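**Student:** Okay, here's the structure, questions in a sec.
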Amino acid sequence: MTATALPALALAFLGSTHPAMLTPETAPWWRDLHVIGLVLFPLLALGPWAVVHVSRPAGPLGWVLSGLAAVLGLVYAGFYGALDALAGVGGGHETMRMGPGPWVGWLFEIADELGVVGSYAYLAATLLAAVLALVRAPGLWRLAAGIGALFAVVGAWSFLTSHIYYPYGVATMVMLAIGLTLLAVAASRRRSAMVSTSGGHAAAGRSMSGS
């Protein structure tokens with residue numbers, strides 16, 4: 001699924017080029033990489049929301065769960081975006097202008113404090129998606145949901161500290177892409193089964209009325 005896989009895979013590719021250290025030599029790409037990240041990082045919130053959307057129950061509870069996933073995604077996007085802007089774009093740009101200095105540590109300190117709020121919001125959204133998909137997946141699809149939950153939750157936990165640095169951050173993004181896609185596919189089987197059952201009942205009703 002596009003929403004569950006592509007943002008994470010794009011960030012994995014971007015992370016494979018992420019400099020290990022911010023220096024005057026790496027600062028230009030450090031800055032430009034995080035400018036791209038300003039667009040890609042918020043899209044990562046689509047993954048948990050998409051899983052919740054396809055696996056939510058009918059009625060008001062379903063809308064509440066979708067709304068909760070959206071709010072958690074918004075919190076993640078806002079606070080993690082602040083980390084990206086401060087430590088990424090700002091850190092890279094100012095290193096190009098002023099060179100290394102104690103200001104780098106001060107900038108990273110506030111960026112990390114904001115980013116961790118976003119990371120925990122993303123973890124909460126992923127846990128919500130995993131639990132809901134596990135409950136809603138039918139039959140043997142629950143096994144696929146279990147594997148997806150393992151990948152997604154471990155990936156979201158790793159995201160707390162790994163960012164997208166190679167190799168752990170790249171692996172984190174790949175795990176999120178695999179896990180969230182498995183969850184979405186497994187949960188969507190319930191809807192397919194319900195549609196098929198409804199269609200069968202309708203056909204049987206027409207047959208009985210015609211006989």
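So you can find residues: chains in the structure tokens are A, B, ... in the order shown, residues in each start at 1, and ligands are numbered from 1 in order.
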Residues near stretch 34-39 of chain A, anyone? I mean within 9 Å using only C-alpha atoms, not counting same-chain ones fewer than 6 positions away, as JSON, numbers by chain.
**Tutor:** {"A": [11, 14, 81, 84, 85, 87, 88, 89, 92]}
**Student:** Output N, CA, C and O atoms for every residue in that selection, as a short mmCIF file (atom, residue, chain, number, x, y, z; two decimals), in the first residue's frame.
**Tutor:**
```cif
data_model
loop_
_atom_site.label_atom_id
_atom_site.label_comp_id
_atom_site.auth_asym_id
_atom_site.auth_seq_id
_atom_site.Cartn_x
_atom_site.Cartn_y
_atom_site.Cartn_z
N LEU A 11 12.34 7.42 3.07
CA LEU A 11 13.21 7.87 4.16
C LEU A 11 14.39 6.91 4.36
O LEU A 11 15.48 7.34 4.73
N LEU A 14 16.82 7.92 1.75
CA LEU A 14 17.44 9.18 2.14
C LEU A 14 18.43 8.96 3.28
O LEU A 14 19.52 9.53 3.29
N GLY A 81 8.90 17.37 13.12
CA GLY A 81 9.28 18.35 12.12
C GLY A 81 10.13 19.46 12.72
O GLY A 81 11.02 20.00 12.05
N ASP A 84 13.61 18.21 12.88
CA ASP A 84 14.19 18.20 11.53
C ASP A 84 14.61 19.61 11.11
O ASP A 84 15.68 19.80 10.53
N ALA A 85 13.77 20.59 11.43
CA ALA A 85 14.07 21.96 11.05
C ALA A 85 15.24 22.53 11.86
O ALA A 85 16.13 23.19 11.30
N ALA A 87 17.69 20.89 14.10
CA ALA A 87 18.98 20.18 14.05
C ALA A 87 19.41 19.87 12.63
O ALA A 87 20.60 19.80 12.35
N GLY A 88 18.43 19.70 11.74
CA GLY A 88 18.76 19.35 10.37
C GLY A 88 19.04 20.56 9.50
O GLY A 88 20.18 20.84 9.14
N VAL A 89 17.97 21.31 9.19
CA VAL A 89 18.13 22.46 8.30
C VAL A 89 18.94 23.55 8.99
O VAL A 89 19.93 24.06 8.44
N GLY A 92 22.70 22.41 9.85
CA GLY A 92 23.53 22.35 8.65
C GLY A 92 23.84 23.72 8.08
O GLY A 92 24.99 24.02 7.72
#
```
**Student:** Determine, counting only C-alpha atoms, which protein, DNA and RNA residues have an atom within 10 Å of an atom of A:Trp141; residues of the same chain fewer than 5 positions away are not included. Present the result as an mmCIF file with all heavy atoms, in the first residue's frame.
**Tutor:**
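Saved as out-v5.cif:
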```cif
data_model
loop_
_atom_site.group_PDB
_atom_site.id
_atom_site.type_symbol
_atom_site.label_atom_id
_atom_site.label_comp_id
_atom_site.auth_asym_id
_atom_site.auth_seq_id
_atom_site.Cartn_x
_atom_site.Cartn_y
_atom_site.Cartn_z
ATOM 1 N N ALA A 133 -5.464 -3.863 14.304
ATOM 2 C CA ALA A 133 -5.341 -4.812 13.188
ATOM 3 C C ALA A 133 -5.338 -6.242 13.686
ATOM 4 O O ALA A 133 -5.935 -7.134 13.060
ATOM 5 C CB ALA A 133 -4.077 -4.517 12.388
ATOM 6 N N LEU A 134 -4.663 -6.499 14.809
ATOM 7 C CA LEU A 134 -4.648 -7.852 15.369
ATOM 8 C C LEU A 134 -6.048 -8.307 15.776
ATOM 9 O O LEU A 134 -6.423 -9.462 15.575
ATOM 10 C CB LEU A 134 -3.719 -7.909 16.585
ATOM 11 C CG LEU A 134 -2.228 -8.045 16.302
ATOM 12 C CD1 LEU A 134 -1.420 -7.769 17.565
ATOM 13 C CD2 LEU A 134 -1.904 -9.430 15.759
ATOM 14 N N ARG A 136 -8.906 -7.165 14.513
ATOM 15 C CA ARG A 136 -9.843 -7.173 13.393
ATOM 16 C C ARG A 136 -9.483 -8.137 12.266
ATOM 17 O O ARG A 136 -10.341 -8.495 11.473
ATOM 18 C CB ARG A 136 -9.937 -5.758 12.812
ATOM 19 C CG ARG A 136 -10.357 -4.703 13.817
ATOM 20 C CD ARG A 136 -11.807 -4.826 14.197
ATOM 21 N NE ARG A 136 -12.680 -4.409 13.107
ATOM 22 C CZ ARG A 136 -14.012 -4.467 13.139
ATOM 23 N NH1 ARG A 136 -14.621 -4.960 14.208
ATOM 24 N NH2 ARG A 136 -14.725 -4.065 12.116
ATOM 25 N N GLY A 146 0.155 -10.426 13.174
ATOM 26 C CA GLY A 146 1.100 -10.560 14.277
ATOM 27 C C GLY A 146 2.528 -10.266 13.846
ATOM 28 O O GLY A 146 3.279 -9.578 14.552
ATOM 29 N N LEU A 182 1.928 -5.047 6.161
ATOM 30 C CA LEU A 182 1.327 -6.324 6.564
ATOM 31 C C LEU A 182 0.077 -6.103 7.415
ATOM 32 O O LEU A 182 -0.937 -6.791 7.241
ATOM 33 C CB LEU A 182 2.348 -7.169 7.338
ATOM 34 C CG LEU A 182 3.379 -7.926 6.517
ATOM 35 C CD1 LEU A 182 4.401 -8.593 7.434
ATOM 36 C CD2 LEU A 182 2.703 -8.983 5.635
ATOM 37 N N LEU A 183 0.143 -5.154 8.336
ATOM 38 C CA LEU A 183 -1.020 -4.859 9.174
ATOM 39 C C LEU A 183 -2.203 -4.386 8.336
ATOM 40 O O LEU A 183 -3.343 -4.827 8.541
ATOM 41 C CB LEU A 183 -0.653 -3.790 10.207
ATOM 42 C CG LEU A 183 0.251 -4.225 11.361
ATOM 43 C CD1 LEU A 183 0.684 -3.016 12.171
ATOM 44 C CD2 LEU A 183 -0.451 -5.237 12.257
ATOM 45 N N VAL A 185 -2.802 -4.894 5.102
ATOM 46 C CA VAL A 185 -3.318 -5.969 4.242
ATOM 47 C C VAL A 185 -4.133 -6.971 5.056
ATOM 48 O O VAL A 185 -5.230 -7.377 4.658
ATOM 49 C CB VAL A 185 -2.153 -6.676 3.513
ATOM 50 C CG1 VAL A 185 -2.645 -7.936 2.810
ATOM 51 C CG2 VAL A 185 -1.509 -5.729 2.505
ATOM 52 N N ALA A 186 -3.605 -7.368 6.216
ATOM 53 C CA ALA A 186 -4.307 -8.348 7.051
ATOM 54 C C ALA A 186 -5.636 -7.799 7.538
ATOM 55 O O ALA A 186 -6.659 -8.495 7.507
ATOM 56 C CB ALA A 186 -3.424 -8.742 8.235
ATOM 57 N N ALA A 187 -5.656 -6.555 7.988
ATOM 58 C CA ALA A 187 -6.895 -5.969 8.492
ATOM 59 C C ALA A 187 -7.918 -5.765 7.385
ATOM 60 O O ALA A 187 -9.121 -5.921 7.608
ATOM 61 C CB ALA A 187 -6.594 -4.645 9.184
ATOM 62 N N SER A 188 -7.456 -5.441 6.185
ATOM 63 C CA SER A 188 -8.392 -5.200 5.086
ATOM 64 C C SER A 188 -9.079 -6.479 4.637
ATOM 65 O O SER A 188 -10.121 -6.425 3.985
ATOM 66 C CB SER A 188 -7.666 -4.557 3.906
ATOM 67 O OG SER A 188 -6.730 -5.459 3.335
ATOM 68 N N ARG A 189 -8.513 -7.654 4.974
ATOM 69 C CA ARG A 189 -9.160 -8.919 4.600
ATOM 70 C C ARG A 189 -10.512 -9.060 5.287
ATOM 71 O O ARG A 189 -11.406 -9.715 4.769
ATOM 72 C CB ARG A 189 -8.277 -10.110 4.984
ATOM 73 C CG ARG A 189 -6.954 -10.224 4.270
ATOM 74 C CD ARG A 189 -7.112 -10.219 2.771
ATOM 75 N NE ARG A 189 -6.958 -8.870 2.217
ATOM 76 C CZ ARG A 189 -7.184 -8.547 0.962
ATOM 77 N NH1 ARG A 189 -7.611 -9.464 0.114
ATOM 78 N NH2 ARG A 189 -7.003 -7.321 0.538
ATOM 79 N N ARG A 190 -10.663 -8.464 6.466
ATOM 80 C CA ARG A 190 -11.941 -8.546 7.173
ATOM 81 C C ARG A 190 -13.035 -7.867 6.374
ATOM 82 O O ARG A 190 -14.136 -8.391 6.222
ATOM 83 C CB ARG A 190 -11.825 -7.910 8.552
ATOM 84 C CG ARG A 190 -13.124 -7.961 9.362
ATOM 85 C CD ARG A 190 -12.956 -7.269 10.707
ATOM 86 N NE ARG A 190 -14.189 -7.334 11.485
ATOM 87 C CZ ARG A 190 -14.507 -8.322 12.307
ATOM 88 N NH1 ARG A 190 -13.668 -9.336 12.465
ATOM 89 N NH2 ARG A 190 -15.633 -8.311 12.985
#
```
**Student:** May I ask which of the residues A:Gly91, A:Ala124, A:Thr2, A:Ala58 is the closest one to A:Gly105, counting only C-alpha atoms?
**Tutor:**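 Once distances to A:Gly105 are computed over only C-alpha atoms, the minimum belongs to A:Gly91.
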**Student:** Using only C-alpha atoms, can you tell me which of A:Leu150, A:Met21, A:Leu143, A:Ala171 comes closest to A:Ala129?
**Tutor:**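 Using only C-alpha atoms, the shortest distance to A:Ala129 belongs to A:Leu150.
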**Student:** Extract the full set of alpha helix (DSSP H) residues from stretch 4-74 of chain A according to DSSP on the backbone, and format it as a JSON list (two decimals) with N, CA and C atoms, in the first residue's frame.
**Tutor:**
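Dumped to states.json:
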```json
[["chain", "number", "residue", "atom", "x", "y", "z"],
["A", 4, "THR", "N", 1.42, 3.13, 3.49],
["A", 4, "THR", "CA", 2.15, 2.42, 4.54],
["A", 4, "THR", "C", 3.60, 2.14, 4.17],
["A", 5, "ALA", "N", 3.92, 2.06, 2.90],
["A", 5, "ALA", "CA", 5.27, 1.64, 2.50],
["A", 5, "ALA", "C", 6.12, 2.76, 1.93],
["A", 6, "LEU", "N", 5.59, 3.57, 1.03],
["A", 6, "LEU", "CA", 6.43, 4.51, 0.28],
["A", 6, "LEU", "C", 7.12, 5.57, 1.14],
["A", 7, "PRO", "N", 6.42, 6.24, 2.08],
["A", 7, "PRO", "CA", 7.15, 7.25, 2.88],
["A", 7, "PRO", "C", 8.32, 6.65, 3.66],
["A", 8, "ALA", "N", 8.12, 5.50, 4.27],
["A", 8, "ALA", "CA", 9.19, 4.87, 5.04],
["A", 8, "ALA", "C", 10.33, 4.42, 4.14],
["A", 9, "LEU", "N", 10.02, 3.87, 2.97],
["A", 9, "LEU", "CA", 11.08, 3.42, 2.06],
["A", 9, "LEU", "C", 11.84, 4.62, 1.49],
["A", 10, "ALA", "N", 11.13, 5.72, 1.22],
["A", 10, "ALA", "CA", 11.81, 6.92, 0.74],
["A", 10, "ALA", "C", 12.76, 7.46, 1.81],
["A", 11, "LEU", "N", 12.34, 7.42, 3.07],
["A", 11, "LEU", "CA", 13.21, 7.87, 4.16],
["A", 11, "LEU", "C", 14.39, 6.91, 4.36],
["A", 12, "ALA", "N", 14.16, 5.62, 4.13],
["A", 12, "ALA", "CA", 15.26, 4.66, 4.22],
["A", 12, "ALA", "C", 16.32, 4.98, 3.16],
["A", 13, "PHE", "N", 15.88, 5.27, 1.95],
["A", 13, "PHE", "CA", 16.82, 5.64, 0.89],
["A", 13, "PHE", "C", 17.56, 6.92, 1.25],
["A", 14, "LEU", "N", 16.82, 7.92, 1.75],
["A", 14, "LEU", "CA", 17.44, 9.18, 2.14],
["A", 14, "LEU", "C", 18.43, 8.96, 3.28],
["A", 15, "GLY", "N", 18.05, 8.10, 4.23],
["A", 15, "GLY", "CA", 18.92, 7.83, 5.36],
["A", 15, "GLY", "C", 20.21, 7.15, 4.98],
["A", 27, "ALA", "N", 28.08, 19.63, 6.00],
["A", 27, "ALA", "CA", 26.97, 20.53, 6.30],
["A", 27, "ALA", "C", 26.04, 20.82, 5.12],
["A", 28, "PRO", "N", 26.55, 21.04, 3.89],
["A", 28, "PRO", "CA", 25.61, 21.32, 2.79],
["A", 28, "PRO", "C", 24.59, 20.21, 2.56],
["A", 29, "TRP", "N", 25.06, 18.95, 2.49],
["A", 29, "TRP", "CA", 24.11, 17.86, 2.27],
["A", 29, "TRP", "C", 23.28, 17.59, 3.52],
["A", 30, "TRP", "N", 23.87, 17.79, 4.71],
["A", 30, "TRP", "CA", 23.11, 17.66, 5.96],
["A", 30, "TRP", "C", 21.89, 18.59, 5.92],
["A", 31, "ARG", "N", 22.12, 19.84, 5.50],
["A", 31, "ARG", "CA", 21.02, 20.80, 5.40],
["A", 31, "ARG", "C", 20.02, 20.39, 4.33],
["A", 32, "ASP", "N", 20.49, 20.10, 3.13],
["A", 32, "ASP", "CA", 19.59, 19.81, 2.01],
["A", 32, "ASP", "C", 18.82, 18.52, 2.23],
["A", 33, "LEU", "N", 19.46, 17.53, 2.81],
["A", 33, "LEU", "CA", 18.79, 16.26, 3.12],
["A", 33, "LEU", "C", 17.59, 16.51, 4.03],
["A", 34, "HIS", "N", 17.77, 17.38, 5.01],
["A", 34, "HIS", "CA", 16.67, 17.62, 5.95],
["A", 34, "HIS", "C", 15.61, 18.56, 5.38],
["A", 35, "VAL", "N", 15.95, 19.34, 4.38],
["A", 35, "VAL", "CA", 14.91, 20.08, 3.66],
["A", 35, "VAL", "C", 13.97, 19.09, 2.97],
["A", 36, "ILE", "N", 14.54, 18.07, 2.34],
["A", 36, "ILE", "CA", 13.71, 17.00, 1.75],
["A", 36, "ILE", "C", 12.91, 16.30, 2.84],
["A", 37, "GLY", "N", 13.55, 16.09, 4.00],
["A", 37, "GLY", "CA", 12.87, 15.44, 5.11],
["A", 37, "GLY", "C", 11.68, 16.21, 5.64],
["A", 38, "LEU", "N", 11.68, 17.54, 5.46],
["A", 38, "LEU", "CA", 10.53, 18.33, 5.90],
["A", 38, "LEU", "C", 9.24, 17.87, 5.22],
["A", 39, "VAL", "N", 9.37, 17.33, 4.03],
["A", 39, "VAL", "CA", 8.20, 16.81, 3.31],
["A", 39, "VAL", "C", 7.97, 15.34, 3.65],
["A", 40, "LEU", "N", 9.05, 14.55, 3.71],
["A", 40, "LEU", "CA", 8.90, 13.10, 3.86],
["A", 40, "LEU", "C", 8.53, 12.67, 5.28],
["A", 41, "PHE", "N", 9.11, 13.31, 6.29],
["A", 41, "PHE", "CA", 8.85, 12.87, 7.67],
["A", 41, "PHE", "C", 7.38, 12.96, 8.06],
["A", 42, "PRO", "N", 6.67, 14.06, 7.76],
["A", 42, "PRO", "CA", 5.24, 14.07, 8.10],
["A", 42, "PRO", "C", 4.44, 12.96, 7.41],
["A", 43, "LEU", "N", 4.84, 12.57, 6.19],
["A", 43, "LEU", "CA", 4.11, 11.53, 5.47],
["A", 43, "LEU", "C", 4.20, 10.18, 6.17],
["A", 46, "LEU", "N", 1.13, 8.76, 7.84],
["A", 46, "LEU", "CA", 0.04, 8.13, 7.09],
["A", 46, "LEU", "C", -0.04, 6.63, 7.33],
["A", 47, "GLY", "N", 1.10, 5.99, 7.65],
["A", 47, "GLY", "CA", 1.12, 4.54, 7.82],
["A", 47, "GLY", "C", 0.20, 4.06, 8.93],
["A", 48, "PRO", "N", 0.42, 4.46, 10.19],
["A", 48, "PRO", "CA", -0.48, 4.02, 11.27],
["A", 48, "PRO", "C", -1.92, 4.44, 11.03],
["A", 49, "TRP", "N", -2.11, 5.67, 10.51],
["A", 49, "TRP", "CA", -3.49, 6.11, 10.26],
["A", 49, "TRP", "C", -4.19, 5.22, 9.24],
["A", 50, "ALA", "N", -3.46, 4.83, 8.18],
["A", 50, "ALA", "CA", -4.06, 3.98, 7.14],
["A", 50, "ALA", "C", -4.46, 2.62, 7.72],
["A", 51, "VAL", "N", -3.63, 2.07, 8.59],
["A", 51, "VAL", "CA", -3.97, 0.78, 9.21],
["A", 51, "VAL", "C", -5.22, 0.92, 10.07],
["A", 52, "VAL", "N", -5.28, 1.97, 10.87],
["A", 52, "VAL", "CA", -6.47, 2.20, 11.70],
["A", 52, "VAL", "C", -7.70, 2.40, 10.83],
["A", 53, "HIS", "N", -7.54, 3.11, 9.73],
["A", 53, "HIS", "CA", -8.67, 3.41, 8.85],
["A", 53, "HIS", "C", -9.27, 2.14, 8.25],
["A", 54, "VAL", "N", -8.42, 1.20, 7.82],
["A", 54, "VAL", "CA", -8.96, -0.01, 7.18],
["A", 54, "VAL", "C", -9.43, -1.04, 8.20],
["A", 55, "SER", "N", -8.99, -0.93, 9.45],
["A", 55, "SER", "CA", -9.34, -1.94, 10.44],
["A", 55, "SER", "C", -10.34, -1.45, 11.49],
["A", 60, "PRO", "N", -19.61, 5.03, 15.64],
["A", 60, "PRO", "CA", -18.88, 6.12, 16.29],
["A", 60, "PRO", "C", -17.50, 5.71, 16.81],
["A", 61, "LEU", "N", -17.38, 4.49, 17.32],
["A", 61, "LEU", "CA", -16.08, 4.05, 17.83],
["A", 61, "LEU", "C", -15.02, 4.09, 16.74],
["A", 62, "GLY", "N", -15.39, 3.68, 15.54],
["A", 62, "GLY", "CA", -14.45, 3.70, 14.43],
["A", 62, "GLY", "C", -13.97, 5.10, 14.12],
["A", 63, "TRP", "N", -14.88, 6.06, 14.15],
["A", 63, "TRP", "CA", -14.49, 7.45, 13.89],
["A", 63, "TRP", "C", -13.60, 8.00, 15.00],
["A", 64, "VAL", "N", -13.89, 7.60, 16.24],
["A", 64, "VAL", "CA", -13.04, 8.04, 17.36],
["A", 64, "VAL", "C", -11.63, 7.50, 17.21],
["A", 65, "LEU", "N", -11.51, 6.23, 16.84],
["A", 65, "LEU", "CA", -10.18, 5.63, 16.68],
["A", 65, "LEU", "C", -9.42, 6.27, 15.52],
["A", 66, "SER", "N", -10.11, 6.53, 14.41],
["A", 66, "SER", "CA", -9.46, 7.21, 13.29],
["A", 66, "SER", "C", -9.03, 8.62, 13.69],
["A", 67, "GLY", "N", -9.88, 9.30, 14.46],
["A", 67, "GLY", "CA", -9.53, 10.64, 14.93],
["A", 67, "GLY", "C", -8.34, 10.62, 15.86],
["A", 68, "LEU", "N", -8.27, 9.62, 16.75],
["A", 68, "LEU", "CA", -7.14, 9.49, 17.66],
["A", 68, "LEU", "C", -5.84, 9.26, 16.89],
["A", 69, "ALA", "N", -5.90, 8.40, 15.88],
["A", 69, "ALA", "CA", -4.72, 8.14, 15.05],
["A", 69, "ALA", "C", -4.29, 9.41, 14.32],
["A", 70, "ALA", "N", -5.26, 10.20, 13.86],
["A", 70, "ALA", "CA", -4.94, 11.44, 13.16],
["A", 70, "ALA", "C", -4.30, 12.46, 14.10],
["A", 71, "VAL", "N", -4.82, 12.55, 15.33],
["A", 71, "VAL", "CA", -4.26, 13.49, 16.30],
["A", 71, "VAL", "C", -2.84, 13.10, 16.67],
["A", 72, "LEU", "N", -2.61, 11.81, 16.91],
["A", 72, "LEU", "CA", -1.26, 11.35, 17.22],
["A", 72, "LEU", "C", -0.31, 11.62, 16.05],
["A", 73, "GLY", "N", -0.81, 11.42, 14.84],
["A", 73, "GLY", "CA", 0.00, 11.72, 13.66],
["A", 73, "GLY", "C", 0.33, 13.19, 13.55],
["A", 74, "LEU", "N", -0.63, 14.04, 13.91],
["A", 74, "LEU", "CA", -0.40, 15.48, 13.86],
["A", 74, "LEU", "C", 0.65, 15.90, 14.90]]
```
**Student:** Would you please work out which residue, of A:Thr95, A:Thr172, A:Thr181, A:Ser16, is nearest to A:Gly148 when using only C-alpha atoms?
**Tutor:**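 Using only C-alpha atoms, A:Gly148 sits closest to A:Thr181.
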**Student:** If I take atom CA of A:Ala82 and atom CA of A:Tyr122, how far is one from the other in Å, to one decimal?
**Tutor:**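 So the answer is 14.5 Å.
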**Student:** Just how far from atom CA of A:Ala111 is atom CA of A:Tyr165, in Å to one decimal?
**Tutor:**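 For atom CA of A:Tyr165 relative to atom CA of A:Ala111, the distance reads 16.1 Å.
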**Student:** With only C-alpha atoms as the basis for distance, which of A:Gly90, A:Gly115, A:Pro19, A:Pro57 is at the shortest distance from A:Pro167?
**Tutor:**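 Among A:Gly90, A:Gly115, A:Pro19, A:Pro57, it is A:Pro19 that comes nearest to A:Pro167.
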**Student:** Taking only C-alpha atoms into account, which of A:Leu114, A:Ala3, A:Thr17, A:His93 comes nearest A:Gly169?
**Tutor:**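 Ranked by minimum distance to A:Gly169, first place goes to A:Thr17.
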**Student:** Compare A:Met175, A:Val104, A:Leu160, A:Val117 by their minimum atom-to-atom distance to A:Thr23, counting only C-alpha atoms, and give me the closest one.
**Tutor:**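 Checking each of A:Met175, A:Val104, A:Leu160, A:Val117 against A:Thr23, counting only C-alpha atoms, the winner is A:Val104.
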**Student:** When you draw a straight line from atom CA of A:Thr126 to atom CA of A:Ala152, how long is it in Å?
**Tutor:** 6.8 Å
